[in-house]
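Q: Structure supplied as input02.pdb; contents: PDB, C-alpha atoms and all ligand atoms.
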ATOM      1  CA  MET A   1      17.342  40.444  -9.528
ATOM      2  CA  HIS A   2      18.822  40.085 -13.014
ATOM      3  CA  ALA A   3      16.302  38.797 -15.567
ATOM      4  CA  ARG A   4      18.449  35.783 -16.410
ATOM      5  CA  VAL A   5      18.730  34.875 -12.729
ATOM      6  CA  VAL A   6      14.966  35.214 -12.381
ATOM      7  CA  ALA A   7      14.446  33.015 -15.444
ATOM      8  CA  ALA A   8      16.912  30.422 -14.162
ATOM      9  CA  THR A   9      15.193  30.397 -10.762
ATOM     10  CA  VAL A  10      11.772  29.940 -12.361
ATOM     11  CA  VAL A  11      13.091  27.101 -14.509
ATOM     12  CA  ALA A  12      14.684  25.497 -11.452
ATOM     13  CA  ILE A  13      11.440  25.758  -9.465
ATOM     14  CA  LEU A  14       9.357  24.422 -12.339
ATOM     15  CA  GLY A  15      11.875  21.654 -12.882
ATOM     16  CA  THR A  16      11.629  20.670  -9.237
ATOM     17  CA  ALA A  17       7.857  20.663  -9.466
ATOM     18  CA  VAL A  18       7.993  18.423 -12.516
ATOM     19  CA  LEU A  19      10.361  16.073 -10.731
ATOM     20  CA  LEU A  20       8.371  15.923  -7.531
ATOM     21  CA  SER A  21       4.810  15.809  -8.729
ATOM     22  CA  PRO A  22       4.686  12.522 -10.699
ATOM     23  CA  GLY A  23       5.550  10.256  -7.806
ATOM     24  CA  SER A  24       3.042  12.013  -5.605
ATOM     25  CA  ASP A  25      -0.032  11.163  -7.642
ATOM     26  CA  ALA A  26      -1.436   7.660  -8.033
ATOM     27  CA  ARG A  27      -2.174   8.367 -11.690
ATOM     28  CA  ALA A  28       1.208   9.866 -12.538
ATOM     29  CA  GLY A  29       3.789   8.522 -14.941
ATOM     30  CA  ASP A  30       7.455   7.910 -14.404
ATOM     31  CA  ALA A  31       9.976  10.683 -13.708
ATOM     32  CA  GLY A  32      12.499  11.622 -11.074
ATOM     33  CA  GLU A  33      13.214   9.775  -7.888
ATOM     34  CA  PRO A  34      11.189   6.727  -6.855
ATOM     35  CA  THR A  35       8.197   7.342  -4.614
ATOM     36  CA  VAL A  36       8.836   5.955  -1.123
ATOM     37  CA  ILE A  37       5.922   3.994   0.363
ATOM     38  CA  ALA A  38       5.795   3.150   4.074
ATOM     39  CA  HIS A  39       5.021  -0.584   4.159
ATOM     40  CA  ARG A  40       2.222  -1.452   6.630
ATOM     41  CA  GLY A  41       2.935   2.107   7.779
ATOM     42  CA  ALA A  42       6.397   2.914   9.092
ATOM     43  CA  SER A  43       6.397  -0.639  10.390
ATOM     44  CA  ALA A  44      10.015  -0.785  11.518
ATOM     45  CA  TYR A  45       9.193   1.883  14.093
ATOM     46  CA  ALA A  46       5.606   1.161  15.177
ATOM     47  CA  PRO A  47       3.346  -1.926  15.095
ATOM     48  CA  GLU A  48       2.432  -2.748  11.495
ATOM     49  CA  ASN A  49      -0.960  -1.904  10.019
ATOM     50  CA  THR A  50      -2.037   0.216  12.992
ATOM     51  CA  LEU A  51      -3.015   3.846  13.226
ATOM     52  CA  ALA A  52       0.242   4.353  15.140
ATOM     53  CA  SER A  53       2.238   3.101  12.146
ATOM     54  CA  ILE A  54       0.642   5.566   9.740
ATOM     55  CA  ASP A  55       0.990   8.390  12.255
ATOM     56  CA  LYS A  56       4.674   7.495  12.450
ATOM     57  CA  ALA A  57       5.007   7.605   8.655
ATOM     58  CA  ALA A  58       3.422  11.053   8.644
ATOM     59  CA  LYS A  59       5.746  12.239  11.418
ATOM     60  CA  LEU A  60       8.739  11.073   9.410
ATOM     61  CA  GLY A  61       7.452  13.123   6.474
ATOM     62  CA  PHE A  62       6.105  10.370   4.211
ATOM     63  CA  SER A  63       2.761  10.639   2.504
ATOM     64  CA  TRP A  64       2.366   7.166   0.972
ATOM     65  CA  VAL A  65       1.452   4.235   3.224
ATOM     66  CA  GLU A  66       0.641   0.633   2.395
ATOM     67  CA  ASN A  67      -1.801  -1.656   4.231
ATOM     68  CA  ASP A  68      -3.555  -5.042   4.051
ATOM     69  CA  VAL A  69      -7.330  -5.468   4.160
ATOM     70  CA  GLN A  70      -9.198  -8.606   5.281
ATOM     71  CA  ARG A  71     -12.670  -9.447   6.634
ATOM     72  CA  THR A  72     -14.094 -10.554   9.982
ATOM     73  CA  LYS A  73     -16.619 -13.313  10.683
ATOM     74  CA  ASP A  74     -19.426 -10.742  10.781
ATOM     75  CA  GLY A  75     -18.366  -9.072   7.541
ATOM     76  CA  LYS A  76     -16.381  -6.032   8.712
ATOM     77  CA  LEU A  77     -13.245  -4.953   6.877
ATOM     78  CA  VAL A  78     -10.147  -4.739   9.066
ATOM     79  CA  VAL A  79      -6.504  -3.849   8.470
ATOM     80  CA  ILE A  80      -4.134  -6.721   9.239
ATOM     81  CA  HIS A  81      -1.515  -8.649   7.276
ATOM     82  CA  ASP A  82      -1.685 -12.298   8.344
ATOM     83  CA  ASP A  83      -4.824 -14.393   7.894
ATOM     84  CA  SER A  84      -4.410 -15.261  11.587
ATOM     85  CA  LEU A  85      -4.466 -12.867  14.544
ATOM     86  CA  GLN A  86      -1.763 -14.840  16.327
ATOM     87  CA  ARG A  87       1.467 -13.010  15.415
ATOM     88  CA  THR A  88       0.402  -9.389  15.809
ATOM     89  CA  THR A  89      -2.112  -9.514  18.678
ATOM     90  CA  ASN A  90      -2.610 -11.106  22.096
ATOM     91  CA  VAL A  91      -5.421 -13.308  20.756
ATOM     92  CA  GLU A  92      -3.909 -16.463  22.273
ATOM     93  CA  GLN A  93      -4.277 -15.005  25.767
ATOM     94  CA  VAL A  94      -7.709 -13.470  25.243
ATOM     95  CA  PHE A  95      -9.237 -16.414  23.326
ATOM     96  CA  PRO A  96      -7.107 -19.471  24.285
ATOM     97  CA  GLY A  97      -9.507 -22.062  22.909
ATOM     98  CA  ARG A  98      -9.877 -20.601  19.433
ATOM     99  CA  ALA A  99      -6.774 -21.816  17.525
ATOM    100  CA  PRO A 100      -5.750 -21.188  14.752
ATOM    101  CA  TRP A 101      -7.162 -17.711  15.435
ATOM    102  CA  LYS A 102      -8.105 -16.869  11.854
ATOM    103  CA  VAL A 103      -9.313 -13.318  11.188
ATOM    104  CA  LYS A 104     -12.348 -14.751   9.382
ATOM    105  CA  ASP A 105     -13.404 -16.688  12.496
ATOM    106  CA  PHE A 106     -13.590 -13.666  14.828
ATOM    107  CA  THR A 107     -16.175 -10.904  14.974
ATOM    108  CA  ALA A 108     -15.177  -7.263  14.734
ATOM    109  CA  ALA A 109     -16.169  -6.788  18.389
ATOM    110  CA  GLU A 110     -13.865  -9.634  19.434
ATOM    111  CA  ILE A 111     -10.987  -8.253  17.369
ATOM    112  CA  ALA A 112     -11.557  -4.798  18.858
ATOM    113  CA  ARG A 113     -10.708  -6.257  22.290
ATOM    114  CA  LEU A 114      -7.245  -7.377  21.186
ATOM    115  CA  ASP A 115      -3.961  -5.627  21.859
ATOM    116  CA  ALA A 116      -2.125  -5.181  18.554
ATOM    117  CA  GLY A 117       0.783  -3.209  19.987
ATOM    118  CA  SER A 118       2.352  -5.093  22.910
ATOM    119  CA  TRP A 119       3.876  -7.796  20.675
ATOM    120  CA  TYR A 120       5.914  -5.009  19.110
ATOM    121  CA  SER A 121       6.750  -2.972  22.219
ATOM    122  CA  PRO A 122       5.205  -2.246  25.640
ATOM    123  CA  ALA A 123       5.212   1.402  24.537
ATOM    124  CA  TYR A 124       2.375   0.496  22.151
ATOM    125  CA  ALA A 125       0.233  -1.483  24.611
ATOM    126  CA  GLY A 126      -3.447  -0.976  23.913
ATOM    127  CA  THR A 127      -3.028  -0.273  20.193
ATOM    128  CA  ARG A 128      -5.928  -1.846  18.273
ATOM    129  CA  VAL A 129      -6.437  -3.622  14.956
ATOM    130  CA  PRO A 130      -8.109  -0.829  12.997
ATOM    131  CA  THR A 131     -11.243  -1.299  10.986
ATOM    132  CA  LEU A 132     -10.801  -0.108   7.411
ATOM    133  CA  GLN A 133     -13.194   2.731   8.164
ATOM    134  CA  GLN A 134     -11.096   3.921  11.123
ATOM    135  CA  TYR A 135      -7.978   3.543   9.029
ATOM    136  CA  MET A 136      -9.323   5.561   6.078
ATOM    137  CA  ARG A 137     -10.365   8.357   8.419
ATOM    138  CA  ARG A 138      -6.852   8.508   9.892
ATOM    139  CA  VAL A 139      -5.262   8.459   6.419
ATOM    140  CA  GLU A 140      -7.522  11.374   5.533
ATOM    141  CA  HIS A 141      -6.750  13.188   8.787
ATOM    142  CA  ASN A 142      -3.019  12.775   8.138
ATOM    143  CA  HIS A 143      -3.383  13.895   4.481
ATOM    144  CA  GLU A 144      -1.765  10.620   3.445
ATOM    145  CA  LYS A 145      -1.996   8.535   0.284
ATOM    146  CA  LEU A 146      -2.816   4.857   0.300
ATOM    147  CA  LEU A 147      -1.550   1.740  -1.425
ATOM    148  CA  LEU A 148      -4.374  -0.546  -0.296
ATOM    149  CA  GLU A 149      -3.784  -4.291  -0.595
ATOM    150  CA  ILE A 150      -6.701  -6.674  -0.828
ATOM    151  CA  LYS A 151      -5.147  -9.562   1.093
ATOM    152  CA  ASN A 152      -6.147 -13.215   0.626
ATOM    153  CA  PRO A 153      -9.225 -12.347  -1.491
ATOM    154  CA  GLU A 154      -9.888 -16.053  -2.076
ATOM    155  CA  LEU A 155     -10.924 -16.257   1.602
ATOM    156  CA  TYR A 156     -13.393 -13.387   1.328
ATOM    157  CA  PRO A 157     -15.753 -13.622  -1.655
ATOM    158  CA  GLY A 158     -16.984 -10.181  -2.698
ATOM    159  CA  ILE A 159     -14.312  -8.294  -0.746
ATOM    160  CA  GLU A 160     -13.514  -6.138  -3.782
ATOM    161  CA  GLN A 161     -17.056  -4.805  -4.047
ATOM    162  CA  GLN A 162     -17.250  -4.327  -0.293
ATOM    163  CA  THR A 163     -13.944  -2.456  -0.173
ATOM    164  CA  LEU A 164     -14.974  -0.130  -2.993
ATOM    165  CA  LYS A 165     -18.309   0.516  -1.268
ATOM    166  CA  LEU A 166     -16.525   1.519   1.921
ATOM    167  CA  LEU A 167     -14.071   3.691   0.008
ATOM    168  CA  GLY A 168     -16.995   5.386  -1.750
ATOM    169  CA  ASN A 169     -18.843   5.927   1.536
ATOM    170  CA  GLU A 170     -15.707   7.511   2.984
ATOM    171  CA  GLY A 171     -15.408   9.864   0.003
ATOM    172  CA  TRP A 172     -12.352   8.178  -1.455
ATOM    173  CA  LEU A 173     -13.685   7.537  -4.949
ATOM    174  CA  ASP A 174     -13.969  11.130  -6.113
ATOM    175  CA  HIS A 175     -11.438  12.527  -8.577
ATOM    176  CA  LYS A 176      -9.339  14.199  -5.911
ATOM    177  CA  HIS A 177      -9.007  11.114  -3.738
ATOM    178  CA  LEU A 178      -8.414   8.773  -6.666
ATOM    179  CA  GLY A 179      -5.110  10.603  -7.160
ATOM    180  CA  ARG A 180      -4.110   9.413  -3.687
ATOM    181  CA  LEU A 181      -5.201   5.792  -3.980
ATOM    182  CA  ILE A 182      -3.804   2.621  -5.527
ATOM    183  CA  VAL A 183      -5.487  -0.760  -5.005
ATOM    184  CA  GLN A 184      -3.202  -3.783  -5.282
ATOM    185  CA  SER A 185      -3.324  -7.548  -4.808
ATOM    186  CA  PHE A 186      -1.369 -10.725  -5.436
ATOM    187  CA  SER A 187      -4.569 -11.953  -7.100
ATOM    188  CA  ALA A 188      -4.862 -10.908 -10.736
ATOM    189  CA  ASP A 189      -8.559 -11.837 -10.586
ATOM    190  CA  SER A 190      -9.099  -9.457  -7.691
ATOM    191  CA  ILE A 191      -7.385  -6.559  -9.468
ATOM    192  CA  ARG A 192      -9.273  -7.315 -12.678
ATOM    193  CA  THR A 193     -12.500  -7.179 -10.681
ATOM    194  CA  VAL A 194     -11.581  -3.827  -9.107
ATOM    195  CA  HIS A 195     -10.710  -2.421 -12.516
ATOM    196  CA  LYS A 196     -14.023  -3.617 -13.997
ATOM    197  CA  MET A 197     -16.097  -2.258 -11.126
ATOM    198  CA  LYS A 198     -14.402   1.140 -10.982
ATOM    199  CA  PRO A 199     -12.143   1.727 -14.014
ATOM    200  CA  ALA A 200     -10.935   5.098 -12.688
ATOM    201  CA  ILE A 201      -9.056   3.439  -9.817
ATOM    202  CA  THR A 202      -5.299   3.058 -10.218
ATOM    203  CA  THR A 203      -4.480  -0.617  -9.767
ATOM    204  CA  ALA A 204      -1.353  -2.660  -9.092
ATOM    205  CA  TYR A 205      -0.581  -6.343  -9.503
ATOM    206  CA  LEU A 206       1.790  -7.822  -6.923
ATOM    207  CA  GLY A 207       4.123 -10.191  -8.709
ATOM    208  CA  SER A 208       6.366 -10.569 -11.734
ATOM    209  CA  PRO A 209       4.472 -11.607 -14.866
ATOM    210  CA  THR A 210       6.768 -12.780 -17.648
ATOM    211  CA  ALA A 211       7.572 -10.338 -20.429
ATOM    212  CA  ALA A 212       5.279 -12.382 -22.666
ATOM    213  CA  GLN A 213       2.386 -12.006 -20.204
ATOM    214  CA  LEU A 214       2.725  -8.272 -19.604
ATOM    215  CA  HIS A 215       0.398  -7.224 -22.414
ATOM    216  CA  GLN A 216      -2.450  -9.147 -20.741
ATOM    217  CA  TYR A 217      -1.815  -7.503 -17.356
ATOM    218  CA  ALA A 218      -1.644  -4.075 -19.012
ATOM    219  CA  ARG A 219      -5.381  -4.376 -19.723
ATOM    220  CA  PHE A 220      -6.317  -4.057 -16.065
ATOM    221  CA  THR A 221      -3.314  -2.947 -14.017
ATOM    222  CA  ASP A 222      -1.415   0.352 -13.962
ATOM    223  CA  LEU A 223       1.509  -0.973 -11.961
ATOM    224  CA  VAL A 224       3.431  -4.222 -11.674
ATOM    225  CA  ASN A 225       4.884  -4.499  -8.170
ATOM    226  CA  PRO A 226       7.479  -7.274  -7.813
ATOM    227  CA  SER A 227       9.615  -8.444  -4.941
ATOM    228  CA  TYR A 228      12.949  -6.637  -5.312
ATOM    229  CA  GLY A 229      14.761  -9.981  -5.469
ATOM    230  CA  SER A 230      13.080 -10.839  -8.752
ATOM    231  CA  LEU A 231      13.959  -7.526 -10.401
ATOM    232  CA  SER A 232      16.423  -6.508 -13.067
ATOM    233  CA  LYS A 233      16.908  -3.321 -15.043
ATOM    234  CA  ALA A 234      15.820  -5.155 -18.193
ATOM    235  CA  TYR A 235      12.580  -6.311 -16.544
ATOM    236  CA  VAL A 236      11.701  -2.798 -15.360
ATOM    237  CA  ALA A 237      12.432  -1.486 -18.863
ATOM    238  CA  ALA A 238      10.188  -4.201 -20.336
ATOM    239  CA  VAL A 239       7.327  -3.254 -18.007
ATOM    240  CA  HIS A 240       7.741   0.410 -18.932
ATOM    241  CA  THR A 241       7.210  -0.346 -22.630
ATOM    242  CA  PHE A 242       3.534  -1.210 -22.039
ATOM    243  CA  ASP A 243       0.754   1.304 -21.543
ATOM    244  CA  GLY A 244      -1.739   0.476 -18.805
ATOM    245  CA  PRO A 245      -5.527   0.867 -18.844
ATOM    246  CA  HIS A 246      -5.224   4.623 -18.394
ATOM    247  CA  GLY A 247      -2.973   5.039 -21.415
ATOM    248  CA  LYS A 248       0.214   5.667 -19.424
ATOM    249  CA  PRO A 249       3.291   3.462 -19.166
ATOM    250  CA  LEU A 250       3.029   0.741 -16.556
ATOM    251  CA  ARG A 251       4.986   1.571 -13.427
ATOM    252  CA  VAL A 252       6.963  -0.578 -11.002
ATOM    253  CA  PHE A 253       6.995  -0.344  -7.193
ATOM    254  CA  ALA A 254       9.519  -2.777  -5.674
ATOM    255  CA  TRP A 255       9.040  -4.400  -2.238
ATOM    256  CA  THR A 256      10.163  -4.722   0.528
ATOM    257  CA  VAL A 257      13.455  -2.818   0.563
ATOM    258  CA  ASN A 258      14.804  -2.042   4.028
ATOM    259  CA  ASP A 259      18.466  -1.198   3.522
ATOM    260  CA  ALA A 260      20.379   1.541   1.756
ATOM    261  CA  ALA A 261      22.389  -0.652  -0.607
ATOM    262  CA  THR A 262      19.299  -2.404  -1.968
ATOM    263  CA  ALA A 263      17.443   0.900  -2.251
ATOM    264  CA  CYS A 264      20.265   2.305  -4.411
ATOM    265  CA  LYS A 265      20.366  -0.876  -6.463
ATOM    266  CA  VAL A 266      16.657  -0.909  -7.304
ATOM    267  CA  ALA A 267      16.634   2.856  -7.879
ATOM    268  CA  GLY A 268      19.330   2.129 -10.477
ATOM    269  CA  TYR A 269      16.856  -0.208 -12.171
ATOM    270  CA  ASP A 270      14.596   2.855 -12.680
ATOM    271  CA  VAL A 271      11.773   1.626 -10.492
ATOM    272  CA  ASP A 272       9.019   4.162  -9.881
ATOM    273  CA  GLY A 273       8.517   3.375  -6.213
ATOM    274  CA  ILE A 274      10.152   1.597  -3.288
ATOM    275  CA  ILE A 275       7.977  -0.022  -0.627
ATOM    276  CA  THR A 276       9.804  -0.161   2.696
ATOM    277  CA  ASN A 277       9.461  -0.676   6.447
ATOM    278  CA  LYS A 278      12.178   1.988   6.879
ATOM    279  CA  PRO A 279      11.193   4.915   4.671
ATOM    280  CA  ASP A 280      13.762   7.197   6.312
ATOM    281  CA  VAL A 281      16.594   4.797   5.417
ATOM    282  CA  VAL A 282      15.443   4.668   1.792
ATOM    283  CA  ARG A 283      15.046   8.435   1.598
ATOM    284  CA  THR A 284      18.577   8.952   2.895
ATOM    285  CA  ALA A 285      19.953   6.325   0.510
ATOM    286  CA  LEU A 286      18.305   8.078  -2.425
ATOM    287  CA  GLY A 287      19.835  11.359  -1.313
ATOM    288  CA  SER A 288      16.494  13.089  -0.883
ATOM    289  CA  ASP A 289      17.086  14.205   2.739
TER     290      ASP A 289
HETATM  291  O1  LIG B 301       3.209  -3.941  -0.896
HETATM  292  C1  LIG B 301       3.965  -5.058  -1.100
HETATM  293  C2  LIG B 301       3.922  -6.058  -0.004
HETATM  294  O2  LIG B 301       3.053  -5.612   1.011
HETATM  295  C3  LIG B 301       3.524  -7.399  -0.417
HETATM  296  O3  LIG B 301       3.819  -8.368   0.536
HETATM  297  O4  LIG B 301       3.256  -9.928   2.296
HETATM  298  O5  LIG B 301       4.027  -7.649   2.896
HETATM  299  O6  LIG B 301       1.762  -7.992   1.946
HETATM  300  P1  LIG B 301       3.175  -8.473   1.969
HETATM  301 CA    CA B 302       0.908  -5.845   1.877
END
Produce structure tokens that represent the structure in this file.
Ligand code: G3P
Ligand code: CA

A:
Amino acid sequence: MHARVVAATVVAILGTAVLLSPGSDARAGDAGEPTVIAHRGASAYAPENTLASIDKAAKLGFSWVENDVQRTKDGKLVVIHDDSLQRTTNVEQVFPGRAPWKVKDFTAAEIARLDAGSWYSPAYAGTRVPTLQQYMRRVEHNHEKLLLEIKNPELYPGIEQQTLKLLGNEGWLDHKHLGRLIVQSFSADSIRTVHKMKPAITTAYLGSPTAAQLHQYARFTDLVNPSYGSLSKAYVAAVHTFDGPHGKPLRVFAWTVNDAATACKVAGYDVDGIITNKPDVVRTALGSD
């Protein structure tokens, strides 16, 4: 091959690597196409927050998944979005006298009896609410990366410490794993606590602080993750002007974008990531198929 062709090929390959690598590491800065994150797993195609939903994301070729962590009556961490078991399990049938079926009022053994798949489709009958430990092991098995949300922390005092302990026990707090982990919450206090306890963790605040507030958030969060409806190009640019606790510009992951037109729109705002129930739709919209 001609030397100039070789050089051009090398440059092209290196260029691709530079474009692809930032979005693939939790600690990376902004460049290239937005990272696509499968929200509650590939939750348009499998029951949300189950092992099936993260298997589905992996099958579709996506490495980043998002989840929600809460706590049972007997202190076990489980992966589920709502503070009640009612919408995504058959708890009403199994425990009819226990309304309003709050996660915090059921033991892990009781929750393990519930069907978390049939509400979505009979094809998923028998799917369970995973414990966080089971979930982390499947994420590891699938070589996935995790945007872990501490959900409703006000209901679960000490959940930050407990979550970090479990992550440490599962080997997720070493340097290698920290590049595949982001911890987020709607609670600034919760994220501040995570940052204080383990400063090496990449953190994300769910919400849209005002431009005037951003400098305060930049002390403890690496990302600001707003609802896509509250976004503008100017806001994303404003967020990007601040450096986070790890000395890199704050990043923005927008949620929850499930159609092509919105994906293109927010990509045009220069967001760093798009959180979606339909990662394949977003990937196609961004032209990365
Ligand atoms: O990751 C963003 C998104 O999960 C926040 O909203 O209610 O789906 O947890 P929610
Ligand atoms: Ca969530």

Q: Can you turn the PyMOL selection byres (((not hetatm)) within 9 of (chain B and resi 302)) into a concrete residue list for this file, as a list in words?

A: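 Evaluating the PyMOL selection byres (((not hetatm)) within 9 of (chain B and resi 302)) on this file yields His39, Arg40, Glu66, Asn67, Asp68, Val69, Ile80, His81, Leu147, Leu148, Glu149, Ile150, Lys151, Gln184 and Ser185 of chain A.
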
Q: Against ligand LIG 301 (chain B), which residues of chain A fall within 12 Å? For each one I want the closest pair of atoms and the distance in Å (one decimal), counting all atoms listed in the file, rows by chain and increasing residue number, as JSON lines.

A:
{"residue": "A:Val36", "atom": "CA", "partner": "B:LIG301", "partner_atom": "O1", "distance": 11.4}
{"residue": "A:Ile37", "atom": "CA", "partner": "B:LIG301", "partner_atom": "O1", "distance": 8.5}
{"residue": "A:Ala38", "atom": "CA", "partner": "B:LIG301", "partner_atom": "O1", "distance": 9.0}
{"residue": "A:His39", "atom": "CA", "partner": "B:LIG301", "partner_atom": "O2", "distance": 6.3}
{"residue": "A:Arg40", "atom": "CA", "partner": "B:LIG301", "partner_atom": "O2", "distance": 7.0}
{"residue": "A:Gly41", "atom": "CA", "partner": "B:LIG301", "partner_atom": "O2", "distance": 10.3}
{"residue": "A:Ser43", "atom": "CA", "partner": "B:LIG301", "partner_atom": "O5", "distance": 10.5}
{"residue": "A:Glu48", "atom": "CA", "partner": "B:LIG301", "partner_atom": "O5", "distance": 10.0}
{"residue": "A:Asn49", "atom": "CA", "partner": "B:LIG301", "partner_atom": "O5", "distance": 10.4}
{"residue": "A:Trp64", "atom": "CA", "partner": "B:LIG301", "partner_atom": "O1", "distance": 11.3}
{"residue": "A:Val65", "atom": "CA", "partner": "B:LIG301", "partner_atom": "O1", "distance": 9.3}
{"residue": "A:Glu66", "atom": "CA", "partner": "B:LIG301", "partner_atom": "O1", "distance": 6.2}
{"residue": "A:Asn67", "atom": "CA", "partner": "B:LIG301", "partner_atom": "O2", "distance": 7.0}
{"residue": "A:Asp68", "atom": "CA", "partner": "B:LIG301", "partner_atom": "O6", "distance": 6.4}
{"residue": "A:Val69", "atom": "CA", "partner": "B:LIG301", "partner_atom": "O6", "distance": 9.7}
{"residue": "A:Gln70", "atom": "CA", "partner": "B:LIG301", "partner_atom": "O6", "distance": 11.5}
{"residue": "A:Val79", "atom": "CA", "partner": "B:LIG301", "partner_atom": "O6", "distance": 11.3}
{"residue": "A:Ile80", "atom": "CA", "partner": "B:LIG301", "partner_atom": "O6", "distance": 9.5}
{"residue": "A:His81", "atom": "CA", "partner": "B:LIG301", "partner_atom": "O6", "distance": 6.3}
{"residue": "A:Asp82", "atom": "CA", "partner": "B:LIG301", "partner_atom": "O4", "distance": 8.2}
{"residue": "A:Asp83", "atom": "CA", "partner": "B:LIG301", "partner_atom": "O4", "distance": 10.8}
{"residue": "A:Leu146", "atom": "CA", "partner": "B:LIG301", "partner_atom": "O1", "distance": 10.7}
{"residue": "A:Leu147", "atom": "CA", "partner": "B:LIG301", "partner_atom": "O1", "distance": 7.4}
{"residue": "A:Leu148", "atom": "CA", "partner": "B:LIG301", "partner_atom": "O1", "distance": 8.3}
{"residue": "A:Glu149", "atom": "CA", "partner": "B:LIG301", "partner_atom": "O1", "distance": 7.0}
{"residue": "A:Ile150", "atom": "CA", "partner": "B:LIG301", "partner_atom": "O6", "distance": 9.0}
{"residue": "A:Lys151", "atom": "CA", "partner": "B:LIG301", "partner_atom": "O6", "distance": 7.1}
{"residue": "A:Asn152", "atom": "CA", "partner": "B:LIG301", "partner_atom": "O6", "distance": 9.6}
{"residue": "A:Ile182", "atom": "CA", "partner": "B:LIG301", "partner_atom": "O1", "distance": 10.7}
{"residue": "A:Val183", "atom": "CA", "partner": "B:LIG301", "partner_atom": "O1", "distance": 10.1}
{"residue": "A:Gln184", "atom": "CA", "partner": "B:LIG301", "partner_atom": "O1", "distance": 7.8}
{"residue": "A:Ser185", "atom": "CA", "partner": "B:LIG301", "partner_atom": "C3", "distance": 8.1}
{"residue": "A:Phe186", "atom": "CA", "partner": "B:LIG301", "partner_atom": "C3", "distance": 7.8}
{"residue": "A:Ser187", "atom": "CA", "partner": "B:LIG301", "partner_atom": "C3", "distance": 11.4}
{"residue": "A:Ala204", "atom": "CA", "partner": "B:LIG301", "partner_atom": "O1", "distance": 9.5}
{"residue": "A:Tyr205", "atom": "CA", "partner": "B:LIG301", "partner_atom": "C1", "distance": 9.6}
{"residue": "A:Leu206", "atom": "CA", "partner": "B:LIG301", "partner_atom": "C3", "distance": 6.7}
{"residue": "A:Gly207", "atom": "CA", "partner": "B:LIG301", "partner_atom": "C3", "distance": 8.8}
{"residue": "A:Leu223", "atom": "CA", "partner": "B:LIG301", "partner_atom": "O1", "distance": 11.6}
{"residue": "A:Val224", "atom": "CA", "partner": "B:LIG301", "partner_atom": "C1", "distance": 10.6}
{"residue": "A:Asn225", "atom": "CA", "partner": "B:LIG301", "partner_atom": "C1", "distance": 7.2}
{"residue": "A:Pro226", "atom": "CA", "partner": "B:LIG301", "partner_atom": "C1", "distance": 7.9}
{"residue": "A:Ser227", "atom": "CA", "partner": "B:LIG301", "partner_atom": "C1", "distance": 7.6}
{"residue": "A:Tyr228", "atom": "CA", "partner": "B:LIG301", "partner_atom": "C1", "distance": 10.0}
{"residue": "A:Val252", "atom": "CA", "partner": "B:LIG301", "partner_atom": "C1", "distance": 11.3}
{"residue": "A:Phe253", "atom": "CA", "partner": "B:LIG301", "partner_atom": "O1", "distance": 8.2}
{"residue": "A:Ala254", "atom": "CA", "partner": "B:LIG301", "partner_atom": "C1", "distance": 7.5}
{"residue": "A:Trp255", "atom": "CA", "partner": "B:LIG301", "partner_atom": "C1", "distance": 5.2}
{"residue": "A:Thr256", "atom": "CA", "partner": "B:LIG301", "partner_atom": "C2", "distance": 6.4}
{"residue": "A:Val257", "atom": "CA", "partner": "B:LIG301", "partner_atom": "C1", "distance": 9.9}
{"residue": "A:Gly273", "atom": "CA", "partner": "B:LIG301", "partner_atom": "O1", "distance": 10.5}
{"residue": "A:Ile274", "atom": "CA", "partner": "B:LIG301", "partner_atom": "O1", "distance": 9.2}
{"residue": "A:Ile275", "atom": "CA", "partner": "B:LIG301", "partner_atom": "O1", "distance": 6.2}
{"residue": "A:Thr276", "atom": "CA", "partner": "B:LIG301", "partner_atom": "O1", "distance": 8.4}
{"residue": "A:Asn277", "atom": "CA", "partner": "B:LIG301", "partner_atom": "O5", "distance": 9.5}

Q: Need the shell around Tyr120 of chain A: protein/DNA/RNA residues with any atom at most 8 Å away, counting only C-alpha atoms. Skip same-chain ones fewer than 3 positions apart. Format as an MDAnalysis selection string?

A: chainID A and resid 46:47 88 117 124

Q: Set the distance at 9 Å and use all atoms listed in the file: which residues neighbour Ile111 of chain A once local chain neighbours fewer than 2 positions away are removed? I'd like the list as number ranges by chain.

A: A: 72, 85, 91, 103, 106-109, 113-115, 128-129

Q: Would you work out the distance separating atom CA of Phe220 of chain A from atom CA of Tyr269 of chain A, expressed in Å to one decimal?

A: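 The value is 23.8 Å.
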
Q: Carefully work through the PyMOL selection byres (((chain A and resi 266-268) around 9) and not hetatm) for this structure and note down the residues it includes, as a list in words.

A: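 Selected by the PyMOL selection byres (((chain A and resi 266-268) around 9) and not hetatm) here: Glu33, Pro34, Tyr228, Leu231, Ser232, Lys233, Ala254, Val257, Ala261, Thr262, Ala263, Cys264, Lys265, Tyr269, Asp270, Val271, Asp272, Gly273, Ile274 and Leu286 of chain A.
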
Q: Suppose a student applies the PyMOL selection byres (((chain A and resi 63) around 10) and not hetatm) to this structure; what residues should they get, written as an MDAnalysis selection string?

A: chainID A and resid 24 35:38 54 57:62 64:65 139 142:146 180

Q: Could you tell me which of A:Ala44, A:Thr241, A:Leu164, A:Arg192 comes closest to Val281 of chain A if we count only C-alpha atoms?

A: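 Of A:Ala44, A:Thr241, A:Leu164, A:Arg192, the one nearest Val281 of chain A, counting only C-alpha atoms, is A:Ala44.
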
Q: Kindly indicate which residue among A:Leu77, A:Val239, A:Leu178, A:Met197 lies nearest to Gln216 of chain A, using only C-alpha atoms for the distances.

A: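 Between A:Leu77, A:Val239, A:Leu178, A:Met197, the residue approaching Gln216 of chain A most closely is A:Val239.
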
Q: Need the axis-aligned box for segment 240-249 of chain A with 3 Å each side, so what are the centre and edges in Å to one decimal, as AutoDock Vina command-line options?

A:
--center_x 1.1 --center_y 2.2 --center_z -20.5 --size_x 19.3 --size_y 12.9 --size_z 10.2
